[in-house]
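Dropping protein-v7.txt in here (compact mmCIF, C-alpha atoms and all ligand atoms):
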```txt
# COMPACT_ATOMS: atom_id res chain seq x y z
CA MET G 12 28.25 -31.54 -30.69
CA GLU G 13 31.14 -30.13 -28.68
CA THR G 14 30.03 -28.43 -25.44
CA GLU G 15 32.15 -25.42 -24.53
CA ILE G 16 32.36 -24.06 -20.97
CA LEU G 17 33.26 -20.37 -20.64
CA LYS G 18 33.87 -18.91 -17.20
CA VAL G 19 32.66 -15.37 -16.56
CA ASP G 20 34.35 -14.07 -13.42
CA ASN G 21 35.03 -10.58 -14.65
CA LEU G 22 32.30 -8.80 -16.56
CA LYS G 23 34.65 -6.43 -18.30
CA SER G 24 37.25 -8.85 -19.60
CA ASN G 25 34.74 -11.68 -20.24
CA TYR G 26 32.28 -9.49 -22.12
CA LYS G 27 32.87 -11.48 -25.32
CA TYR G 28 31.52 -14.63 -23.63
CA ILE G 29 28.29 -12.86 -22.78
CA GLU G 30 28.01 -11.67 -26.37
CA LYS G 31 28.64 -15.21 -27.59
CA ALA G 32 25.90 -16.62 -25.34
CA ALA G 33 23.43 -13.94 -26.45
CA ASP G 34 24.32 -14.55 -30.08
CA LEU G 35 23.59 -18.27 -29.81
CA ILE G 36 20.27 -17.53 -28.08
CA ARG G 37 19.30 -15.13 -30.86
CA LYS G 38 20.11 -17.92 -33.35
CA ASP G 39 17.70 -20.26 -31.55
CA GLU G 40 20.46 -22.36 -29.96
CA LEU G 41 20.50 -23.42 -26.29
CA VAL G 42 22.91 -21.98 -23.72
CA ALA G 43 23.18 -22.96 -20.05
CA ILE G 44 23.35 -19.84 -17.90
CA PRO G 45 24.11 -19.27 -14.21
CA THR G 46 21.37 -17.86 -11.98
CA GLU G 47 21.17 -17.36 -8.22
CA THR G 48 18.66 -20.23 -7.85
CA VAL G 49 20.02 -23.01 -10.10
CA TYR G 50 21.58 -23.10 -13.60
CA GLY G 51 19.06 -22.49 -16.39
CA LEU G 52 18.88 -23.98 -19.88
CA GLY G 53 18.28 -20.79 -21.84
CA ALA G 54 16.56 -20.34 -25.20
CA ASN G 55 14.92 -17.55 -27.17
CA GLY G 56 11.58 -17.35 -25.35
CA LEU G 57 9.77 -15.89 -28.37
CA SER G 58 10.78 -18.72 -30.68
CA SER G 59 8.77 -21.95 -30.70
CA GLU G 60 11.63 -23.72 -32.48
CA ALA G 61 14.16 -22.78 -29.81
CA CYS G 62 11.83 -23.68 -26.94
CA LYS G 63 11.04 -27.07 -28.45
CA LYS G 64 14.75 -27.85 -28.23
CA ILE G 65 14.59 -27.34 -24.46
CA PHE G 66 11.98 -30.08 -24.12
CA GLU G 67 13.99 -32.44 -26.33
CA VAL G 68 17.32 -31.91 -24.61
CA LYS G 69 15.93 -32.19 -21.06
CA GLY G 70 13.44 -34.94 -21.79
CA ARG G 71 10.92 -32.57 -20.19
CA PRO G 72 7.23 -33.58 -20.26
CA GLN G 73 5.42 -31.46 -22.89
CA ASP G 74 2.78 -30.22 -20.47
CA ASN G 75 5.30 -28.59 -18.13
CA PRO G 76 5.51 -24.87 -19.03
CA LEU G 77 8.70 -22.78 -19.04
CA ILE G 78 9.64 -19.66 -17.09
CA LEU G 79 10.58 -16.58 -19.15
CA HIS G 80 13.49 -14.58 -17.75
CA ILE G 81 13.77 -10.83 -18.25
CA SER G 82 16.42 -8.26 -17.36
CA GLU G 83 14.24 -5.21 -16.52
CA ILE G 84 10.69 -4.71 -15.23
CA GLY G 85 9.86 -2.75 -18.39
CA GLU G 86 10.19 -5.94 -20.46
CA LEU G 87 7.05 -7.28 -18.74
CA ASP G 88 4.66 -5.03 -20.68
CA ASN G 89 4.91 -6.90 -23.97
CA LEU G 90 4.52 -10.31 -22.39
CA ILE G 91 1.48 -9.96 -20.12
CA LEU G 92 -2.06 -8.55 -20.21
CA GLU G 93 -2.13 -6.62 -16.95
CA LEU G 94 0.09 -5.81 -13.98
CA PRO G 95 -2.01 -5.32 -10.82
CA GLU G 96 -0.85 -2.39 -8.66
CA ASP G 97 -0.08 -4.54 -5.60
CA VAL G 98 1.99 -6.95 -7.71
CA LYS G 99 3.89 -4.01 -9.18
CA ILE G 100 4.89 -2.99 -5.66
CA LEU G 101 5.86 -6.58 -4.85
CA LEU G 102 8.11 -6.73 -7.91
CA GLU G 103 9.69 -3.37 -7.23
CA ASN G 104 10.77 -4.80 -3.90
CA LEU G 105 11.65 -8.44 -4.63
CA TRP G 106 12.93 -8.30 -8.23
CA PRO G 107 15.53 -9.05 -9.30
CA GLY G 108 15.51 -12.27 -7.28
CA PRO G 109 14.22 -15.80 -6.72
CA LEU G 110 10.53 -15.03 -7.32
CA THR G 111 8.56 -16.18 -10.39
CA VAL G 112 5.14 -14.67 -11.07
CA ILE G 113 2.35 -16.18 -13.20
CA PHE G 114 0.38 -13.67 -15.34
CA ASN G 115 -2.15 -13.86 -18.17
CA LYS G 116 -0.02 -14.03 -21.29
CA SER G 117 0.01 -11.68 -24.27
CA LYS G 118 -0.18 -12.90 -27.87
CA ILE G 119 3.55 -12.82 -28.51
CA VAL G 120 4.29 -15.57 -25.98
CA PRO G 121 4.42 -18.87 -27.92
CA LEU G 122 2.17 -21.69 -26.72
CA VAL G 123 5.11 -24.05 -26.39
CA VAL G 124 6.36 -21.81 -23.54
CA THR G 125 3.08 -22.01 -21.65
CA ALA G 126 2.35 -25.66 -22.52
CA GLY G 127 -0.75 -24.51 -24.37
CA GLY G 128 -2.07 -22.43 -21.46
CA LYS G 129 -3.21 -18.80 -21.22
CA THR G 130 -0.79 -17.92 -18.43
CA VAL G 131 2.94 -17.28 -18.47
CA ALA G 132 5.56 -17.52 -15.71
CA ILE G 133 8.10 -14.67 -15.54
CA ARG G 134 11.16 -14.00 -13.41
CA MET G 135 13.93 -11.42 -13.28
CA PRO G 136 17.03 -13.18 -11.88
CA SER G 137 19.47 -11.29 -9.67
CA HIS G 138 22.59 -13.04 -11.03
CA ILE G 139 24.34 -10.28 -12.93
CA VAL G 140 25.69 -12.62 -15.62
CA ALA G 141 22.19 -13.97 -16.31
CA ARG G 142 20.80 -10.44 -16.64
CA LYS G 143 23.62 -9.33 -18.92
CA ILE G 144 23.02 -12.31 -21.22
CA ILE G 145 19.25 -11.67 -21.31
CA LYS G 146 19.80 -7.99 -22.04
CA ALA G 147 22.34 -8.69 -24.78
CA SER G 148 20.10 -11.30 -26.41
CA LYS G 149 17.26 -8.73 -26.63
CA VAL G 150 14.58 -11.41 -26.07
CA PRO G 151 13.01 -12.93 -22.96
CA VAL G 152 14.97 -16.09 -22.19
CA ALA G 153 13.01 -19.28 -21.49
CA ALA G 154 15.05 -21.24 -18.98
CA PRO G 155 14.09 -24.29 -16.93
CA SER G 156 16.75 -25.93 -14.78
CA ALA G 157 19.63 -27.15 -16.96
CA ASN G 158 19.45 -30.82 -15.98
CA ILE G 159 17.94 -33.98 -17.45
CA SER G 160 14.33 -33.97 -16.20
CA GLY G 161 13.94 -35.83 -12.93
CA ARG G 162 17.57 -35.39 -11.79
CA PRO G 163 18.67 -33.03 -8.99
CA SER G 164 18.91 -29.47 -10.34
CA PRO G 165 22.38 -28.19 -11.33
CA THR G 166 24.02 -25.56 -9.15
CA THR G 167 27.42 -25.51 -10.87
CA ALA G 168 28.58 -25.46 -14.51
CA ASN G 169 30.05 -28.89 -13.93
CA ASP G 170 26.65 -30.30 -12.86
CA VAL G 171 25.24 -29.02 -16.15
CA TYR G 172 28.11 -30.58 -18.08
CA GLU G 173 27.46 -33.92 -16.38
CA ASP G 174 23.87 -33.98 -17.69
CA LEU G 175 24.05 -32.10 -20.99
CA LYS G 176 27.52 -32.55 -22.49
CA GLY G 177 27.33 -33.11 -26.23
CA LYS G 178 23.75 -31.84 -26.32
CA ILE G 179 24.23 -28.06 -26.12
CA PRO G 180 26.94 -25.81 -27.59
CA LEU G 181 27.72 -23.61 -24.58
CA ILE G 182 27.67 -23.47 -20.79
CA ILE G 183 28.43 -20.14 -19.13
CA ASP G 184 30.13 -20.73 -15.78
CA GLY G 185 29.21 -18.04 -13.26
CA GLY G 186 30.18 -19.90 -10.09
CA GLN G 187 28.01 -21.94 -7.71
CA SER G 188 24.38 -20.73 -7.48
CA SER G 189 24.08 -18.76 -4.25
CA ILE G 190 20.56 -19.84 -3.26
CA GLY G 191 20.63 -23.40 -4.56
CA ILE G 192 16.90 -24.18 -4.83
CA GLU G 193 14.47 -22.95 -7.48
CA SER G 194 12.37 -19.79 -7.27
CA THR G 195 9.12 -19.36 -5.37
CA VAL G 196 6.30 -19.50 -7.97
CA LEU G 197 3.36 -17.15 -7.26
CA ASP G 198 0.14 -17.13 -9.32
CA VAL G 199 -1.46 -13.66 -9.42
CA THR G 200 -4.06 -14.40 -12.11
CA GLU G 201 -6.72 -15.10 -9.44
CA LYS G 202 -7.35 -14.07 -5.86
CA PRO G 203 -6.24 -15.17 -3.39
CA TYR G 204 -2.74 -15.06 -4.89
CA THR G 205 -1.34 -18.57 -4.62
CA ILE G 206 2.14 -20.02 -4.08
CA LEU G 207 2.40 -22.94 -6.52
CA ARG G 208 5.99 -23.84 -5.67
CA PRO G 209 7.73 -22.89 -2.42
CA GLY G 210 11.26 -21.48 -2.63
CA PHE G 211 13.49 -18.90 -0.98
CA TYR G 212 10.52 -16.61 -0.21
CA ASP G 213 7.66 -17.94 1.92
CA LYS G 214 4.11 -16.67 2.41
CA ASP G 215 5.13 -14.23 5.16
CA ASP G 216 7.81 -12.64 2.96
CA LEU G 217 5.23 -12.04 0.21
CA GLU G 218 2.61 -10.78 2.64
CA GLU G 219 4.93 -7.89 3.49
CA TYR G 220 3.67 -6.48 0.18
CA LEU G 221 0.42 -8.35 -0.57
CA ALA G 222 -2.76 -8.52 1.52
CA GLU G 223 -3.23 -12.28 1.30
CA VAL G 224 -1.17 -15.15 -0.06
CA VAL G 225 -2.08 -18.83 0.24
CA TYR G 226 -0.28 -22.09 -0.53
CA ASP G 227 -1.72 -24.29 -3.27
CA ASN G 228 -3.52 -27.16 -1.53
CA SER G 229 -1.34 -29.73 -3.27
CA LEU G 230 1.65 -28.44 -1.30
CA LEU G 231 -0.13 -29.41 1.90
CA SER G 232 -1.06 -32.96 0.83
CA LYS G 233 0.59 -35.29 -1.64
CA ASP G 234 -2.79 -36.67 -2.73
CA ILE G 235 -4.00 -33.39 -4.26
CA ILE G 236 -3.06 -32.73 -7.91
CA PRO G 237 -0.88 -29.59 -8.18
CA LYS G 238 -1.94 -26.53 -10.21
CA SER G 239 1.65 -26.10 -11.34
CA PRO G 240 2.30 -28.90 -13.84
CA GLY G 241 5.95 -29.20 -12.88
CA GLN G 242 5.07 -30.10 -9.32
CA LYS G 243 3.49 -33.43 -10.18
CA TYR G 244 6.49 -35.17 -11.74
CA LYS G 245 9.23 -37.27 -10.20
CA HIS G 246 11.84 -34.69 -9.43
CA TYR G 247 15.26 -33.99 -7.96
CA ALA G 248 15.90 -37.74 -7.61
CA PRO G 249 19.39 -39.12 -6.98
CA LYS G 250 20.23 -42.57 -8.35
CA ALA G 251 20.48 -44.05 -4.85
CA SER G 252 17.40 -44.76 -2.74
CA MET G 253 16.81 -42.07 -0.15
CA GLU G 254 15.10 -41.47 3.17
CA VAL G 255 14.60 -38.26 5.12
CA ILE G 256 14.67 -38.31 8.92
CA ILE G 257 13.30 -35.56 11.13
CA GLY G 258 13.92 -35.34 14.85
CA ASP G 259 15.86 -33.67 17.64
CA ASN G 260 19.61 -34.24 17.89
CA LYS G 261 19.18 -37.25 20.18
CA GLY G 262 16.54 -38.86 17.96
CA VAL G 263 18.70 -38.43 14.87
CA LYS G 264 21.84 -39.75 16.51
CA ASP G 265 20.08 -42.79 17.99
CA TYR G 266 18.54 -43.63 14.62
CA ILE G 267 21.86 -43.36 12.76
CA ASN G 268 23.70 -45.37 15.41
CA ASN G 269 21.19 -48.13 15.18
CA TYR G 270 20.98 -48.00 11.40
CA SER G 271 24.70 -48.13 10.76
CA LYS G 272 25.11 -51.12 13.10
CA ASN G 273 22.58 -53.13 11.12
CA THR G 274 23.60 -52.51 7.51
CA ASN G 275 26.51 -53.21 5.22
CA ARG G 276 25.16 -51.06 2.40
CA LYS G 277 27.19 -48.07 1.23
CA ILE G 278 25.40 -45.06 2.74
CA ALA G 279 25.81 -41.31 2.39
CA TYR G 280 24.79 -39.41 5.51
CA LEU G 281 23.59 -35.84 4.87
CA LEU G 282 23.56 -34.47 8.41
CA PHE G 283 23.80 -31.17 10.21
CA GLU G 284 27.18 -30.45 11.77
CA GLU G 285 25.48 -30.69 15.16
CA ASN G 286 24.96 -34.43 14.64
CA SER G 287 28.01 -35.45 12.66
CA SER G 288 29.83 -36.75 15.76
CA VAL G 289 27.66 -39.88 15.61
CA LEU G 290 29.47 -41.03 12.46
CA LYS G 291 32.58 -43.23 12.35
CA GLU G 292 35.72 -42.32 10.46
CA HIS G 293 34.97 -44.36 7.32
CA ASP G 294 31.32 -43.21 7.07
CA ILE G 295 30.45 -40.89 4.16
CA PHE G 296 29.40 -37.56 5.65
CA LEU G 297 28.04 -34.74 3.49
CA SER G 298 27.44 -31.66 5.59
CA LEU G 299 24.17 -29.73 5.59
CA GLY G 300 25.87 -26.93 7.49
CA SER G 301 24.41 -25.78 10.79
CA LYS G 302 20.74 -26.09 11.79
CA ASP G 303 20.91 -22.37 12.54
CA ARG G 304 21.77 -21.50 8.93
CA LEU G 305 19.24 -23.18 6.66
CA ASN G 306 20.29 -21.04 3.69
CA GLU G 307 23.46 -23.11 3.69
CA MET G 308 21.44 -26.32 3.56
CA ALA G 309 19.56 -25.01 0.50
CA HIS G 310 22.79 -23.76 -1.10
CA ASN G 311 24.41 -27.23 -1.02
CA LEU G 312 21.36 -29.51 -1.18
CA PHE G 313 21.35 -30.54 -4.85
CA ARG G 314 25.13 -30.55 -4.86
CA ASN G 315 25.17 -33.07 -2.01
CA LEU G 316 22.67 -35.32 -3.81
CA ARG G 317 24.80 -35.26 -6.95
CA LEU G 318 27.92 -35.91 -4.88
CA ALA G 319 26.28 -38.96 -3.29
CA ASP G 320 25.62 -40.30 -6.79
CA LYS G 321 29.23 -39.73 -7.80
CA LEU G 322 30.36 -41.68 -4.74
CA LYS G 323 28.08 -44.50 -5.94
CA VAL G 324 26.33 -44.97 -2.63
CA GLU G 325 23.34 -47.32 -2.44
CA HIS G 326 21.31 -45.29 -0.01
CA ILE G 327 21.11 -41.72 1.25
CA ILE G 328 19.96 -40.73 4.71
CA CYS G 329 19.26 -37.00 4.87
CA GLU G 330 18.14 -34.93 7.83
CA GLY G 331 14.92 -33.01 7.28
CA ILE G 332 13.64 -29.90 9.03
CA GLU G 333 10.46 -28.22 10.18
CA GLU G 334 8.40 -26.66 7.40
CA LYS G 335 8.91 -22.99 8.22
CA GLY G 336 10.39 -20.21 6.06
CA ILE G 337 12.88 -21.58 3.57
CA GLY G 338 12.33 -24.95 5.31
CA ILE G 339 9.07 -25.26 3.33
CA GLY G 340 10.99 -24.98 0.05
CA ILE G 341 13.73 -27.34 1.21
CA MET G 342 11.28 -29.99 2.44
CA ASN G 343 9.32 -29.72 -0.84
CA ARG G 344 12.54 -30.77 -2.66
CA LEU G 345 13.42 -33.48 -0.13
CA LYS G 346 9.95 -35.05 -0.25
CA LYS G 347 10.27 -35.42 -4.00
CA SER G 348 13.87 -36.58 -4.10
CA SER G 349 13.04 -39.30 -1.56
CA SER G 350 9.64 -40.15 -3.11
CA TYR G 351 8.03 -39.10 0.17
CA ASN G 352 10.13 -41.51 2.24
CA ILE G 353 10.02 -39.36 5.39
CA ARG G 354 10.43 -40.66 8.94
CA ARG G 355 10.05 -38.96 12.31
CA VAL G 356 12.76 -40.20 14.67
P1 LIG A 401 11.66 -25.16 -13.74
O1 LIG A 401 11.93 -24.00 -14.63
O2 LIG A 401 12.00 -26.49 -14.31
O3 LIG A 401 12.23 -24.95 -12.38
O4 LIG A 401 10.09 -25.23 -13.55
C1 LIG A 401 9.25 -24.12 -13.65
C2 LIG A 401 8.09 -24.30 -12.71
O5 LIG A 401 7.14 -23.26 -12.94
C3 LIG A 401 7.38 -25.62 -12.93
O6 LIG A 401 6.95 -26.12 -11.69
C4 LIG A 401 6.23 -25.21 -13.82
O7 LIG A 401 5.16 -26.09 -13.77
C5 LIG A 401 5.89 -23.84 -13.25
N1 LIG A 401 5.20 -23.02 -14.25
C6 LIG A 401 5.74 -22.45 -15.35
N2 LIG A 401 4.79 -21.78 -16.06
C7 LIG A 401 3.63 -21.94 -15.38
C8 LIG A 401 2.30 -21.51 -15.59
N3 LIG A 401 1.97 -20.77 -16.64
N4 LIG A 401 1.35 -21.88 -14.69
C9 LIG A 401 1.69 -22.63 -13.61
N5 LIG A 401 2.94 -23.07 -13.36
C10 LIG A 401 3.89 -22.73 -14.22
MG MG A 402 13.52 -28.11 -12.98
```
Can I see the file as C-alpha cells?
Ligand code: AMP
Ligand code: MG
Amino acid sequence: METEILKVDNLKSNYKYIEKAADLIRKDELVAIPTETVYGLGANGLSSEACKKIFEVKGRPQDNPLILHISEIGELDNLILELPEDVKILLENLWPGPLTVIFNKSKIVPLVVTAGGKTVAIRMPSHIVARKIIKASKVPVAAPSANISGRPSPTTANDVYEDLKGKIPLIIDGGQSSIGIESTVLDVTEKPYTILRPGFYDKDDLEEYLAEVVYDNSLLSKDIIPKSPGQKYKHYAPKASMEVIIGDNKGVKDYINNYSKNTNRKIAYLLFEENSSVLKEHDIFLSLGSKDRLNEMAHNLFRNLRLADKLKVEHIICEGIEEKGIGIGIMNRLKKSSSYNIRRV
C-alpha cells in the first residue's frame, strides 16, 4: 500500500485533505492525524473492523484499550452512562486539551475499543486539524499513538512514516506536536478520582476543579500492577540502551566527564543546555532545552530518542528531573524508555 502524506497548514485551502481523511475513516480505513500530544492512528471508533486494524498495524497487545477522540463535549452523551457534575466543570475548563477521562461506557462503544471492559477513555484534542477531521468524519475517532507498539511515540508526520509506511493509506501532517507527551489519563468511574497515566496536567492542575485526585499506586512503585493496561508494557524504547541520570549541574558534569573518558562506545548525550559545556566537539549532543522550561523537554523528548536511533548510537545518557508538575509525566516516559535504568549522580 502506498502511504500518502498531506500537509495541512492552511485550513481553508487544505480543506480537501481533511475531507479525504474523514472519508477514509468513514470507510473503516486508518489515517494518522496530528494532535497536540503526539500523532494518533485514527479509525472509526464505532466500528470493530476498523479498530481491529489499529491493533494489527501497531502490533498493539489486545488487552490495551483505545482512547476515543471527539470534537465537541456534546458528543460525549452517546458514548457514556453518566457525566458527574464536577467532571463536567473540569471538562468545560480543560477540554479541548491533553486530558483523557475514563467513564462507564454506553452500548454503542464496541468491546474492541475498551479491550472487553465496561469503561471507555475519551479525549477532545485541542489540535484544530484533529478536531476538524473528527467533526467531518461524524464518528468518534479511536486513536492510539501512531507508532509501532513499544517504540517512542511519534511527534511529527515523518516519525509516523518511519514506523507505518506501506501499512496505512494516509498521514495528515499538521506540524510537530506542541506538547510532545501523551495525555493525562483520569479515571472518574470511582472515587477518589485516579490519575492512571501522568501527562501535561498533574494532580494539582486537576484539583483546581475536583475535590480530590490521587495517583494510581502503580505510578509510585514499579512493582505494583497498573490499572491502566497500557502502563504495564515495554514502552517508548529507543533501539540503543539507555540510562537516566539525575543530579545537580556539578553531579551531572562530573559523571559525564568520567563516563566519556572511560568508553569508546558511540553515545548520545541528552542534556540540558546548562550542562552541555561538559561535552567535547565530536560528542553527540541532543538538547533538552533549559531546566527552567520543562515544556520544551517534553516537546522534544520522543524526537530526541528517535534522533539518537537514526544516528545509530549504542547508548543514550539522558538527564532526568524531579517528579513535580509535568516532570512526573516526563519521568514516567523516561523510566520506561530506559527500563528503569535511573541513577542519582
Ligand atoms: P495510547 O493511546 O497508546 O497513548 O494509550 C492510551 C492509554 O489509555 C493506555 O495507557 C491505555 O491503557 C489507557 N486506557 C484506554 N482506555 C482505558 C480504560 N478504559 N481504562 C483504563 N485505561 C485505559
Ligand atoms: Mg502509545
For ligand LIG 401 (chain A), the nearest of the candidates G:Arg354, G:Lys23, G:His246, G:His138, counting only C-alpha atoms and all ligand atoms: G:His246
Option closest in space to G:Thr167, from G:Thr48, G:Asn268, G:Asn260, G:Ser252 [counting only C-alpha atoms]: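 Using only C-alpha atoms, the shortest distance to G:Thr167 belongs to G:Thr48.
Between atom C7 of ligand LIG 401 (chain A) and atom CA of G:Ala132 the interatomic distance comes to 4.8 Å.
Residue nearest G:Asp198 within the list G:Leu92, G:Ala309, G:Val225, G:Leu299: G:Val225 [criterion: smallest interatomic distance, all atoms listed in the file].
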9 Å contact set for stretch 102-106 of chain G, all atoms listed in the file, chain neighbours under 2 positions out, as number ranges by chain: G: 83-84, 97-100, 108-110, 134-137, 217, 220
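The shortest atom-to-atom distance to ligand LIG 401 (chain A), with only C-alpha atoms and all ligand atoms taken into account, belongs to G:Leu207 out of G:Ile44, G:Leu22, G:Ala61, G:Leu207.
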